[in-house]
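A.B. asks: I'd like to ask you about the structure that follows.
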Amino acid sequence: MKKLAAILLCLTLLLCACGGNGETTAAPETTGSETTAAATTAAETTAAETAGQGAGAYTPGTYTASAQGNNGPVSLSVTFSEEAITEITIGEHAETKGTSDPAFEKIPAAIVQYQSLGVDTVSGATNSSKAILEAVADCVAQAGGDAEALRAVPVEEGGDTQAAALEDTEVDVLVIGGGGAGLSAALSAAQNGASVILVEKLSALGGNTFRCGGAFNTADPERQKDIPMTEALASAVEKVLEHEDVSEEHAALKAEVQKQWDEYKASGSTTLFDTPEWHALQTIDAGDYEGNVELVRTLTSNTLDTLNWLGDNGVEWTDQVSTVVGALWNRSHQTPNASGADIVAALEKNATENGVTIYLDSKAEELIVEDGRVAGAIVTNANGEKVTVKAAKGVVMATGGFSANVEMRVKYNGQWEDIGESVATNNSPGATGDGIVMGEAVGANLVGMGWIQLMPLNGVSGGGISGYVNSSLYCNKEGERFVAEDQRRDVLAAAVLEQTDKLFYIVCDSKEAELRGMTPEILGYMVENGLIYSGETIAELAESMGVPADALEKTVAEFNEAVKADKPDEFGRTTWENTIEVGPFYAPSFSPAVHHTMGGLEINNNAEVINTDGEVIPGLYAAGEVTGGIHGTNRVGGNAVPDALCFGKIAGANAASN
Ligand code: ADP
């Protein structure tokens, strides 16, 4: 059991490497396969004797069952006395650690306390909650009990599974949303001397930041010093520098990069070229010049400092940098687990240690405006009561995007033929655009709302080797390449939507799998469970994938030639690393999903929210995916986490300084 847990953990963490904020794959995104008891509450001290009696007439003993959760089966065992459920022990599962933890903590305890299967599911962990309820119902049936009757047993509102709820209160800074931007803002405000309350509407912190691979793009001379500059990469720089001037700000930025590039070439350096300005120029270029140059420059000139600030606050970064999907350059940093959950955990710990008070299950409903200034918010607390939180210094809106709100997606979409119900999202259920609605209600200007990112790498088969493009080959059901794998995400997604069944495979060899930390055990698990196709030879792999073998062999051979040539190929790909030659070979499959909403509240360099007259709304700050104006039409992979964390830090510090 422990072995499987370890495999699932490794598998999931590696899958999380698939990109930046929300850079998740659909299937098993993350895991927390616990083998220890999650709830062992004694029924004797509860309402069991009364509530459960009619329904509970059991054959005493311990029974086990499992039911389908979000990422796979959730197993548990239930112990019964003659008249009560006395203990529930959670067994093996692959549910998303952090997001699903509240379900494992609250639901078994509530079932035992109330002797009821009528307990509410936990918001943000609905499928995990349902799996627990279903598996317990199975055990009840095995013990000769009546699960239907237990479903009808009432549960008291706000029982003792509920943490102390937020009350009417006053604070210096109120932060709305507990993802990367909110936690960063809260920590930064607290470190700048403010009293801080953070409200999060779900039962767990983290939002999309938790689910993602945590990729953080920044120019970083120290970590990039061993990466070679190639002819193909040089051609990518030249191409962006050739773009005609779009605005004065763009012309000035371009001139700066041109100067740096000329100096770099004159220096004879063979190390990868990178600077904050080149990062900014690439970001603007990849967003079709729709991003705000000043905001982007604020971002890229703060990334390294913010990375180091996070390091000082407990976030561990590896020494390697790479290129996550759509990142366009070798500057994506990750934690050892390649997981945004590591960032969330460190920020939560440091925020609370610095005095931030966090309220879960607490949803901000509307902003309070007094004398033209945002002065707080009305919040529905964990008991369902509406309370008033006054914020003397400011409110930071950090509620994330609206990928999980189909109505808003359809309303604002200006980019895709279909972005409705039929298109999946790999985002947190909390990404419903609340902050955009609340901001708009107090006059905030919205920018870039029509641009919605589809993440090409959304898992279909369920497994993966890595989300890095360095050595990846993408092929379609015909066994042919169809796009430059190092392209922008919108280009990749649009290209995939043109392929048969809107699906593609990432082909790689054992060398790449090993490089990305895949052990034979993990690979074996994925193959056995149908999460990934495999074959000793390319022809065998093709057979397992159901694609024509001769076509795939030809595609791989041509790919290997291109790697050796290290020049832009017929698709324009410039990022080359390793050939695909060492069997066995592997290929998971993917199809695009809604992943990031680029539009939102307009902000300035101080993270202050701007109204429709172009003026600052006093007291209101915003950071992260709730804002617009940075990414333009297409967000660069690995730019969302730095966006959330840099502007969160700026917003928190500025709010605290009022
Ligand atoms: P970002 O990367 O911008 O921080 P995330 O998606 O990581 O975005 O985090 C946003 C968080 O805000 C999520 O955890 C989400 O549940 C939370 N949230 C969204 N709307 C509200 C709201 N009305 N009140 C409190 N929290 C909210």
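Convention: chains lettered A, B, ... in structure tokens order; per-chain residue numbering from 1; ligands numbered from 1 as shown.
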Could you pull out the strand (DSSP E or B) residues of range 543-639 of chain A, going by DSSP on the backbone, and write them as an MDAnalysis selection string?
C.D. replies: chainID A and resid 585:587 589:590 593:597 600:601 603 608:611 616:622 627
A.B. asks: Store the residues picked out above in a file with C-alpha atoms, as a compact mmCIF listing (two decimals), in the first residue's frame.
C.D. replies:
```txt
# COMPACT_ATOMS: atom_id res chain seq x y z
CA PHE A 585 9.20 4.79 -25.74
CA TYR A 586 6.23 6.53 -24.09
CA ALA A 587 3.30 8.74 -25.13
CA SER A 589 -2.43 11.91 -24.78
CA PHE A 590 -3.89 15.39 -24.21
CA ALA A 593 -8.98 22.84 -21.51
CA VAL A 594 -9.86 26.34 -20.28
CA HIS A 595 -6.96 27.33 -18.11
CA HIS A 596 -6.47 31.05 -17.53
CA THR A 597 -8.51 34.19 -18.08
CA GLY A 600 -9.81 41.52 -15.41
CA LEU A 601 -9.55 44.62 -13.24
CA ILE A 603 -4.39 48.12 -12.19
CA GLU A 608 -4.11 50.07 -7.35
CA VAL A 609 -7.38 49.43 -9.18
CA ILE A 610 -8.31 51.96 -11.87
CA ASN A 611 -11.87 53.08 -12.55
CA VAL A 616 -7.34 55.21 -8.91
CA ILE A 617 -10.14 53.79 -6.74
CA PRO A 618 -8.88 54.73 -3.26
CA GLY A 619 -8.47 51.79 -0.92
CA LEU A 620 -8.76 49.08 -3.58
CA TYR A 621 -5.81 46.99 -4.74
CA ALA A 622 -5.76 43.88 -6.91
CA THR A 627 -6.44 41.60 -12.94
```
A.B. asks: Ligand 1: which residues are within 8 Å, counting only C-alpha atoms and all ligand atoms, as an MDAnalysis selection string?
C.D. replies: chainID A and resid 21:22 124 176:183 199:202 204:210 361:365 379 398:401 427:435 623:627 640:641 643:645
A.B. asks: Can you pull out every residue within 9 Å of range 293-307 of chain A, counting only C-alpha atoms, but drop anything in the same chain fewer than 4 positions away, and send it as a PDB file with N, CA, C and O atoms, in the first residue's frame?
C.D. replies:
```
ATOM      1  N   PHE A 216       7.817  29.442 -12.321  1.00  0.00           N
ATOM      2  CA  PHE A 216       8.053  30.865 -12.036  1.00  0.00           C
ATOM      3  C   PHE A 216       9.142  31.346 -12.980  1.00  0.00           C
ATOM      4  O   PHE A 216      10.311  30.994 -12.847  1.00  0.00           O
ATOM      5  N   ASN A 217       8.752  32.147 -13.964  1.00  0.00           N
ATOM      6  CA  ASN A 217       9.730  32.646 -14.934  1.00  0.00           C
ATOM      7  C   ASN A 217      10.464  33.849 -14.395  1.00  0.00           C
ATOM      8  O   ASN A 217       9.836  34.826 -13.970  1.00  0.00           O
ATOM      9  N   THR A 218      11.758  33.782 -14.453  1.00  0.00           N
ATOM     10  CA  THR A 218      12.545  34.992 -14.217  1.00  0.00           C
ATOM     11  C   THR A 218      13.927  34.823 -14.827  1.00  0.00           C
ATOM     12  O   THR A 218      14.483  33.713 -14.820  1.00  0.00           O
ATOM     13  N   ALA A 219      14.455  35.908 -15.363  1.00  0.00           N
ATOM     14  CA  ALA A 219      15.866  35.897 -15.742  1.00  0.00           C
ATOM     15  C   ALA A 219      16.652  35.725 -14.452  1.00  0.00           C
ATOM     16  O   ALA A 219      16.319  36.337 -13.429  1.00  0.00           O
ATOM     17  N   ASP A 220      17.654  34.876 -14.469  1.00  0.00           N
ATOM     18  CA  ASP A 220      18.348  34.506 -13.245  1.00  0.00           C
ATOM     19  C   ASP A 220      19.765  34.083 -13.631  1.00  0.00           C
ATOM     20  O   ASP A 220      20.029  32.896 -13.856  1.00  0.00           O
ATOM     21  N   GLU A 249       6.329  53.192 -25.629  1.00  0.00           N
ATOM     22  CA  GLU A 249       6.853  52.320 -24.557  1.00  0.00           C
ATOM     23  C   GLU A 249       7.498  51.077 -25.148  1.00  0.00           C
ATOM     24  O   GLU A 249       8.546  50.631 -24.700  1.00  0.00           O
ATOM     25  N   HIS A 250       6.834  50.529 -26.174  1.00  0.00           N
ATOM     26  CA  HIS A 250       7.387  49.340 -26.817  1.00  0.00           C
ATOM     27  C   HIS A 250       8.695  49.675 -27.512  1.00  0.00           C
ATOM     28  O   HIS A 250       9.686  48.933 -27.406  1.00  0.00           O
ATOM     29  N   LEU A 253      11.447  49.946 -24.967  1.00  0.00           N
ATOM     30  CA  LEU A 253      11.829  48.622 -24.452  1.00  0.00           C
ATOM     31  C   LEU A 253      12.662  47.875 -25.488  1.00  0.00           C
ATOM     32  O   LEU A 253      13.699  47.272 -25.175  1.00  0.00           O
ATOM     33  N   THR A 275      17.537  38.778 -19.912  1.00  0.00           N
ATOM     34  CA  THR A 275      17.486  39.974 -19.048  1.00  0.00           C
ATOM     35  C   THR A 275      16.008  40.219 -18.704  1.00  0.00           C
ATOM     36  O   THR A 275      15.113  39.711 -19.403  1.00  0.00           O
ATOM     37  N   PRO A 276      15.729  41.013 -17.663  1.00  0.00           N
ATOM     38  CA  PRO A 276      14.320  41.337 -17.361  1.00  0.00           C
ATOM     39  C   PRO A 276      13.642  42.009 -18.550  1.00  0.00           C
ATOM     40  O   PRO A 276      12.445  41.811 -18.790  1.00  0.00           O
ATOM     41  N   GLU A 277      14.402  42.782 -19.318  1.00  0.00           N
ATOM     42  CA  GLU A 277      13.810  43.509 -20.451  1.00  0.00           C
ATOM     43  C   GLU A 277      13.475  42.541 -21.585  1.00  0.00           C
ATOM     44  O   GLU A 277      12.437  42.680 -22.247  1.00  0.00           O
ATOM     45  N   TRP A 278      14.336  41.560 -21.821  1.00  0.00           N
ATOM     46  CA  TRP A 278      14.049  40.554 -22.858  1.00  0.00           C
ATOM     47  C   TRP A 278      12.827  39.722 -22.454  1.00  0.00           C
ATOM     48  O   TRP A 278      11.951  39.421 -23.259  1.00  0.00           O
ATOM     49  N   HIS A 279      12.753  39.393 -21.174  1.00  0.00           N
ATOM     50  CA  HIS A 279      11.577  38.688 -20.649  1.00  0.00           C
ATOM     51  C   HIS A 279      10.317  39.532 -20.914  1.00  0.00           C
ATOM     52  O   HIS A 279       9.290  39.034 -21.370  1.00  0.00           O
ATOM     53  N   ALA A 280      10.430  40.841 -20.636  1.00  0.00           N
ATOM     54  CA  ALA A 280       9.275  41.735 -20.848  1.00  0.00           C
ATOM     55  C   ALA A 280       8.906  41.791 -22.329  1.00  0.00           C
ATOM     56  O   ALA A 280       7.724  41.689 -22.695  1.00  0.00           O
ATOM     57  N   LEU A 281       9.906  41.928 -23.179  1.00  0.00           N
ATOM     58  CA  LEU A 281       9.628  42.063 -24.610  1.00  0.00           C
ATOM     59  C   LEU A 281       8.980  40.782 -25.154  1.00  0.00           C
ATOM     60  O   LEU A 281       8.033  40.835 -25.943  1.00  0.00           O
ATOM     61  N   THR A 283       7.183  38.733 -23.443  1.00  0.00           N
ATOM     62  CA  THR A 283       5.828  38.670 -22.877  1.00  0.00           C
ATOM     63  C   THR A 283       4.872  39.539 -23.687  1.00  0.00           C
ATOM     64  O   THR A 283       3.748  39.120 -24.012  1.00  0.00           O
ATOM     65  N   ILE A 284       5.322  40.725 -24.031  1.00  0.00           N
ATOM     66  CA  ILE A 284       4.496  41.645 -24.824  1.00  0.00           C
ATOM     67  C   ILE A 284       4.258  41.066 -26.223  1.00  0.00           C
ATOM     68  O   ILE A 284       3.133  41.074 -26.743  1.00  0.00           O
ATOM     69  N   TYR A 289       1.073  42.326 -28.355  1.00  0.00           N
ATOM     70  CA  TYR A 289       1.222  43.763 -28.079  1.00  0.00           C
ATOM     71  C   TYR A 289      -0.032  44.373 -27.452  1.00  0.00           C
ATOM     72  O   TYR A 289      -0.255  45.567 -27.537  1.00  0.00           O
ATOM     73  N   GLY A 311      12.015  32.733  -1.387  1.00  0.00           N
ATOM     74  CA  GLY A 311      13.051  31.862  -0.820  1.00  0.00           C
ATOM     75  C   GLY A 311      13.283  32.196   0.653  1.00  0.00           C
ATOM     76  O   GLY A 311      13.380  31.305   1.498  1.00  0.00           O
ATOM     77  N   ASP A 312      13.323  33.488   0.980  1.00  0.00           N
ATOM     78  CA  ASP A 312      13.514  33.903   2.381  1.00  0.00           C
ATOM     79  C   ASP A 312      12.317  33.518   3.236  1.00  0.00           C
ATOM     80  O   ASP A 312      12.400  33.490   4.463  1.00  0.00           O
ATOM     81  N   VAL A 315      10.081  29.164   0.603  1.00  0.00           N
ATOM     82  CA  VAL A 315       9.856  28.436  -0.657  1.00  0.00           C
ATOM     83  C   VAL A 315      11.215  27.972  -1.175  1.00  0.00           C
ATOM     84  O   VAL A 315      12.130  28.773  -1.350  1.00  0.00           O
ATOM     85  N   TRP A 317      13.523  26.568  -4.120  1.00  0.00           N
ATOM     86  CA  TRP A 317      13.589  26.482  -5.586  1.00  0.00           C
ATOM     87  C   TRP A 317      14.745  25.560  -5.970  1.00  0.00           C
ATOM     88  O   TRP A 317      15.790  25.580  -5.326  1.00  0.00           O
ATOM     89  N   ILE A 603      -5.198  47.619 -13.325  1.00  0.00           N
ATOM     90  CA  ILE A 603      -4.386  48.116 -12.193  1.00  0.00           C
ATOM     91  C   ILE A 603      -3.240  48.973 -12.738  1.00  0.00           C
ATOM     92  O   ILE A 603      -2.930  48.913 -13.930  1.00  0.00           O
ATOM     93  N   ASN A 604      -2.617  49.736 -11.830  1.00  0.00           N
ATOM     94  CA  ASN A 604      -1.396  50.462 -12.213  1.00  0.00           C
ATOM     95  C   ASN A 604      -0.182  49.758 -11.593  1.00  0.00           C
ATOM     96  O   ASN A 604      -0.322  48.690 -10.982  1.00  0.00           O
ATOM     97  N   ASN A 605       0.980  50.353 -11.715  1.00  0.00           N
ATOM     98  CA  ASN A 605       2.213  49.714 -11.215  1.00  0.00           C
ATOM     99  C   ASN A 605       2.212  49.499  -9.705  1.00  0.00           C
ATOM    100  O   ASN A 605       2.995  48.714  -9.181  1.00  0.00           O
ATOM    101  N   GLY A 629      -4.559  43.172 -18.312  1.00  0.00           N
ATOM    102  CA  GLY A 629      -3.606  44.167 -18.808  1.00  0.00           C
ATOM    103  C   GLY A 629      -2.169  43.713 -18.884  1.00  0.00           C
ATOM    104  O   GLY A 629      -1.325  44.445 -19.394  1.00  0.00           O
ATOM    105  N   ILE A 630      -1.872  42.534 -18.364  1.00  0.00           N
ATOM    106  CA  ILE A 630      -0.464  42.117 -18.381  1.00  0.00           C
ATOM    107  C   ILE A 630      -0.191  41.147 -19.533  1.00  0.00           C
ATOM    108  O   ILE A 630       0.743  41.332 -20.309  1.00  0.00           O
ATOM    109  N   HIS A 631      -1.025  40.148 -19.657  1.00  0.00           N
ATOM    110  CA  HIS A 631      -0.694  39.057 -20.581  1.00  0.00           C
ATOM    111  C   HIS A 631      -1.204  39.258 -22.000  1.00  0.00           C
ATOM    112  O   HIS A 631      -0.876  38.455 -22.880  1.00  0.00           O
ATOM    113  N   PRO A 642       4.549  34.190 -11.168  1.00  0.00           N
ATOM    114  CA  PRO A 642       5.228  35.459 -10.832  1.00  0.00           C
ATOM    115  C   PRO A 642       4.296  36.659 -10.856  1.00  0.00           C
ATOM    116  O   PRO A 642       4.426  37.562 -10.016  1.00  0.00           O
ATOM    117  N   ASP A 643       3.349  36.683 -11.793  1.00  0.00           N
ATOM    118  CA  ASP A 643       2.387  37.793 -11.834  1.00  0.00           C
ATOM    119  C   ASP A 643       1.645  37.882 -10.495  1.00  0.00           C
ATOM    120  O   ASP A 643       1.588  38.937  -9.846  1.00  0.00           O
ATOM    121  N   LEU A 645       2.385  36.543  -7.562  1.00  0.00           N
ATOM    122  CA  LEU A 645       3.202  36.738  -6.367  1.00  0.00           C
ATOM    123  C   LEU A 645       3.878  38.110  -6.339  1.00  0.00           C
ATOM    124  O   LEU A 645       3.968  38.746  -5.287  1.00  0.00           O
ATOM    125  N   CYS A 646       4.333  38.590  -7.494  1.00  0.00           N
ATOM    126  CA  CYS A 646       4.971  39.927  -7.530  1.00  0.00           C
ATOM    127  C   CYS A 646       3.941  41.011  -7.226  1.00  0.00           C
ATOM    128  O   CYS A 646       4.160  41.874  -6.365  1.00  0.00           O
ATOM    129  N   PHE A 647       2.810  40.966  -7.937  1.00  0.00           N
ATOM    130  CA  PHE A 647       1.825  42.028  -7.711  1.00  0.00           C
ATOM    131  C   PHE A 647       1.125  41.855  -6.362  1.00  0.00           C
ATOM    132  O   PHE A 647       0.691  42.838  -5.754  1.00  0.00           O
ATOM    133  N   LYS A 649       2.699  40.909  -3.668  1.00  0.00           N
ATOM    134  CA  LYS A 649       3.669  41.527  -2.744  1.00  0.00           C
ATOM    135  C   LYS A 649       3.571  43.054  -2.811  1.00  0.00           C
ATOM    136  O   LYS A 649       3.559  43.736  -1.778  1.00  0.00           O
TER     137      LYS A 649
END
```
A.B. asks: Could you list, as a VMD selection string, every residue within 8 Å of range 105-108 of chain A, counting only C-alpha atoms and ignoring same-chain residues fewer than 3 positions away?
C.D. replies: chain A and resid 38 to 39 88 101 to 102 111 to 112 119 to 122 129 132 to 133 161
A.B. asks: Given only C-alpha atoms as the basis, pick out the residue of A:Ser339, A:Lys511, A:Ser81, A:Thr537 nearest to Thr96 in chain A.
C.D. replies: A:Ser339
A.B. asks: Might you pull out every residue within 9 Å of Val321 in chain A, with only C-alpha atoms counted and same-chain residues fewer than 5 positions away left off, and present them as a list in words?
C.D. replies: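 Contacts, in chain order: Asn217, Asp220, Arg223, Gln224, Ile227, Asn330, Arg331, Ser332, His333 and Gln334 of chain A.
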A.B. asks: Output C-alpha atoms for every residue in that selection, as a PDB file, in the first residue's frame.
C.D. replies:
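Output saved as out11.pdb:
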```pdb
ATOM      1  CA  ASN A 217       9.730  32.646 -14.934  1.00  0.00           C
ATOM      2  CA  ASP A 220      18.348  34.506 -13.245  1.00  0.00           C
ATOM      3  CA  ARG A 223      20.781  29.471 -12.438  1.00  0.00           C
ATOM      4  CA  GLN A 224      21.022  30.075 -16.198  1.00  0.00           C
ATOM      5  CA  ILE A 227      22.498  26.842 -20.431  1.00  0.00           C
ATOM      6  CA  ASN A 330      14.694  28.680 -20.556  1.00  0.00           C
ATOM      7  CA  ARG A 331      13.739  30.620 -17.437  1.00  0.00           C
ATOM      8  CA  SER A 332      11.043  28.535 -15.673  1.00  0.00           C
ATOM      9  CA  HIS A 333      11.950  27.880 -12.031  1.00  0.00           C
ATOM     10  CA  GLN A 334      10.220  25.238  -9.941  1.00  0.00           C
TER      11      GLN A 334
END
```
A.B. asks: As JSON, numbers by chain, please: the residues near Trp416 in chain A (cut-off 10 Å, only C-alpha atoms, same-chain neighbours under 6 positions excluded).
C.D. replies: {"A": [410, 450, 451, 452, 453, 454, 490, 494]}
A.B. asks: Using only C-alpha atoms, find the one residue out of A:Asp486, A:Glu407, A:Asp501, A:Glu244 that sits nearest to Val636 in chain A.
C.D. replies: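 Nearest candidate to Val636 in chain A out of A:Asp486, A:Glu407, A:Asp501, A:Glu244: A:Asp486.
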A.B. asks: I want to know what sits within 9 Å of Ala152 in chain A, based on only C-alpha atoms, with residues of the same chain fewer than 6 positions away left out; could you give that as an mmCIF file with all heavy atoms, in the first residue's frame?
C.D. replies:
```
data_model
loop_
_atom_site.group_PDB
_atom_site.id
_atom_site.type_symbol
_atom_site.label_atom_id
_atom_site.label_comp_id
_atom_site.auth_asym_id
_atom_site.auth_seq_id
_atom_site.Cartn_x
_atom_site.Cartn_y
_atom_site.Cartn_z
ATOM 1 N N SER A 116 -25.007 10.146 10.715
ATOM 2 C CA SER A 116 -25.809 10.539 9.557
ATOM 3 C C SER A 116 -24.960 10.500 8.299
ATOM 4 O O SER A 116 -23.754 10.793 8.331
ATOM 5 C CB SER A 116 -26.323 11.977 9.764
ATOM 6 O OG SER A 116 -26.854 12.470 8.550
ATOM 7 N N LEU A 117 -25.604 10.142 7.200
ATOM 8 C CA LEU A 117 -24.950 10.266 5.894
ATOM 9 C C LEU A 117 -25.504 11.492 5.168
ATOM 10 O O LEU A 117 -25.284 11.670 3.973
ATOM 11 C CB LEU A 117 -25.174 9.003 5.056
ATOM 12 C CG LEU A 117 -24.431 7.759 5.563
ATOM 13 C CD1 LEU A 117 -24.792 6.532 4.719
ATOM 14 C CD2 LEU A 117 -22.925 7.980 5.518
ATOM 15 N N GLY A 118 -26.210 12.324 5.912
ATOM 16 C CA GLY A 118 -26.784 13.535 5.304
ATOM 17 C C GLY A 118 -25.877 14.740 5.482
ATOM 18 O O GLY A 118 -26.312 15.874 5.322
#
```
A.B. asks: So how many Å separate CA of Lys411 in chain A and CA of Gly291 in chain A, to one decimal?
C.D. replies: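 Result for CA of Lys411 in chain A versus CA of Gly291 in chain A: 21.3 Å, one decimal.
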A.B. asks: Which residue, A:Val460, A:Val374, A:Val257, A:Ala110, has the smallest gap to Val389 in chain A when you use only C-alpha atoms?
C.D. replies: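 Closest candidate: A:Val374.
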A.B. asks: Could you check which of A:Gly583, A:Pro336, A:Gly314, A:Gly394 is closest to Glu540 in chain A, using only C-alpha atoms?
C.D. replies: A:Gly583
A.B. asks: Check range 320-535 of chain A with DSSP on the backbone and list each residue it calls helix (DSSP H, G or I), as a PyMOL selection string.
C.D. replies: chain A and resi 340-353+406-412+434-441+489-497+500-502+510-515+520-528
